[in-house]
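J.: Below are the structure tokens for one structure; questions will follow.
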Amino acid sequence: MSSFVAHALAGYGVGRGQGRAVLVACAVFALLPDMDYALLWGAGVEIEPRLTHSIGFVTLAAGLAALVFRAVQWSSWRHAAVLCWLAGLSHLVMDWLVGVHANPLLYPITMQTFASPVGILPSAGHPDPFNPYFWRNLAIELGIVLPLLLWRSKGAIRLAGIAICTVSLAAGLSLTR
Ligand SMILES: [Zn+2]
């Protein structure tokens with residue numbers, strides 16, 4: 001799995017430039033598949049395989065969001081719902097790219113689970129400020145995810161992004177040793 005930070009950033013990337021409401025909705029949807037952690041941490045219930053990590057779940061959630069958006073007469077409810085769907089899919093892709101935990105991506109068509117054979121993104125470390133692996137993996141993640149978000153940016157934002165990416169990757173990779 002990727003970190004909450006990386007997922008939220010991906011949601012930001014999907015909803016960027018679309019207004020604050022869409023941005024928030026996309027960030028929520030980019031985090032939504034990890035809602036099964038709420039059950040695990042809150043009630044000790046573990047869903048395995050993680051059905052929330054499937055195209056079926058994300059599509060259902062985006063469909064429900066579309067109904068809510070239309071009910072509140074959001075003028076661009078279709079567009080917002082599609083962006084939410086894409087943000088949810090970004091979560092599935094990022095977790096797949098970690099290549100550690102296989103998820104039932106094609107549920108309900110099949111319960112077969114999938115993970116990339118090669119880990120492109122680091123697995124999120126246990127979120128503990130004293131866990132060096134948490135910081136190392138977060139730094140490497142940011143070094144990979146930020147360039148994807150900032151590639152359309154210009155001027156100072158692009159320069160700041162390049163600087164943050166370089167420092168993040170260098171810090172992350174130096175902590176690896
Ligand atoms: Zn996840």
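Residues are named by chain letter and number: chains run A, B, ... in the order of the structure tokens, numbers start at 1 in each chain, and ligands are numbered from 1 in the order shown.
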Just want the residues within 8 Å of ligand 1, written as a list in words, counting only C-alpha atoms and all ligand atoms.

T.: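 So, counting only C-alpha atoms and all ligand atoms, the residues near ligand 1 are Met1, Ser2, Leu31, Pro33, Asp34, His53, His91, Leu92 and Asp95 of chain A.
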
J.: Going by DSSP on the backbone, which bits of region 3-86 of chain A are alpha helix (DSSP H)? Write them as a PyMOL selection string, please.

T.: chain A and resi 4-15+20-31+36-43+55-71+77-86

J.: Using only C-alpha atoms, tabulate the residues of region 22-124 of chain A lying at most 12 Å from any atom of region 142-162 of chain A, each with its closest atom pair and that distance in Å to one decimal, by chain and increasing residue number, as CSV.

T.:
residue,atom,partner,partner_atom,distance
A:Ser90,CA,A:Val145,CA,11.6
A:Met94,CA,A:Val145,CA,9.7
A:Leu97,CA,A:Ile144,CA,11.7
A:Ile120,CA,A:Ile144,CA,9.2
A:Leu121,CA,A:Ile144,CA,7.7
A:Pro122,CA,A:Ile144,CA,9.7
A:Ala124,CA,A:Leu142,CA,11.5

J.: Please provide the set of residues having any atom within 10 Å of Gly56 (chain A), restricted to only C-alpha atoms, with same-chain residues fewer than 2 positions apart removed, written as a list in words.

T.: Leu51, Thr52, His53, Ser54, Val58, Thr59, Leu60, Ala61, Ala62, Pro104, Leu105, Leu106, Tyr107, Pro108 and Ile109 of chain A

J.: Which residue gives the smallest distance to Leu89 (chain A) among A:Gly119, A:Gly11, A:Pro132, A:Pro127, with only C-alpha atoms counted?

T.: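 For Leu89 (chain A), the nearest of the given residues is A:Gly11.
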
J.: So that I can see what lies close to Val118 (chain A), please list as a PDB file with N, CA and C atoms, in the first residue's frame the residues with an atom at most 12 Å from it, counting only C-alpha atoms and leaving out residues fewer than 5 positions away in the same chain.

T.:
ATOM      1  N   ASP A  95      -1.503   1.377  -5.277  1.00  0.00           N
ATOM      2  CA  ASP A  95      -1.277   0.190  -4.442  1.00  0.00           C
ATOM      3  C   ASP A  95      -0.755  -0.972  -5.290  1.00  0.00           C
ATOM      4  N   TRP A  96      -1.263  -1.085  -6.519  1.00  0.00           N
ATOM      5  CA  TRP A  96      -0.784  -2.144  -7.420  1.00  0.00           C
ATOM      6  C   TRP A  96       0.706  -1.952  -7.705  1.00  0.00           C
ATOM      7  N   LEU A  97       1.124  -0.691  -7.888  1.00  0.00           N
ATOM      8  CA  LEU A  97       2.524  -0.403  -8.219  1.00  0.00           C
ATOM      9  C   LEU A  97       3.477  -0.705  -7.068  1.00  0.00           C
ATOM     10  N   VAL A  98       2.944  -0.793  -5.849  1.00  0.00           N
ATOM     11  CA  VAL A  98       3.797  -1.166  -4.712  1.00  0.00           C
ATOM     12  C   VAL A  98       4.227  -2.632  -4.859  1.00  0.00           C
ATOM     13  N   GLY A  99       3.283  -3.444  -5.357  1.00  0.00           N
ATOM     14  CA  GLY A  99       3.629  -4.829  -5.663  1.00  0.00           C
ATOM     15  C   GLY A  99       3.778  -5.735  -4.455  1.00  0.00           C
ATOM     16  N   VAL A 100       3.237  -5.356  -3.321  1.00  0.00           N
ATOM     17  CA  VAL A 100       3.373  -6.199  -2.124  1.00  0.00           C
ATOM     18  C   VAL A 100       2.078  -6.947  -1.837  1.00  0.00           C
ATOM     19  N   HIS A 101       1.011  -6.206  -1.602  1.00  0.00           N
ATOM     20  CA  HIS A 101      -0.267  -6.823  -1.238  1.00  0.00           C
ATOM     21  C   HIS A 101      -1.145  -6.931  -2.479  1.00  0.00           C
TER      22      HIS A 101
END

J.: Report as number ranges by chain all protein, DNA and RNA residues lying within 9 Å of Leu138 (chain A), evaluated on only C-alpha atoms, omitting residues in the same chain fewer than 2 positions from it.

T.: A: 2-3, 5-6, 122-125, 133-136, 140-143, 168, 172

J.: Just the number, please: distance in Å from CA of Arg78 (chain A) to CA of Arg50 (chain A), one decimal.

T.: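 If I compute the distance from CA of Arg78 (chain A) to CA of Arg50 (chain A), I get 27.6 Å.
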
J.: What is the CA of Leu64 (chain A)-CA of Glu48 (chain A) distance in Å, reported with one decimal?

T.: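 Computing it gives 23.5 Å between the two atoms.
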
J.: To one decimal place, how far is CA of Asp36 (chain A) from CA of Val24 (chain A) in Å?

T.: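 Computing the Euclidean distance for CA of Asp36 (chain A) and CA of Val24 (chain A) yields 20.0 Å.
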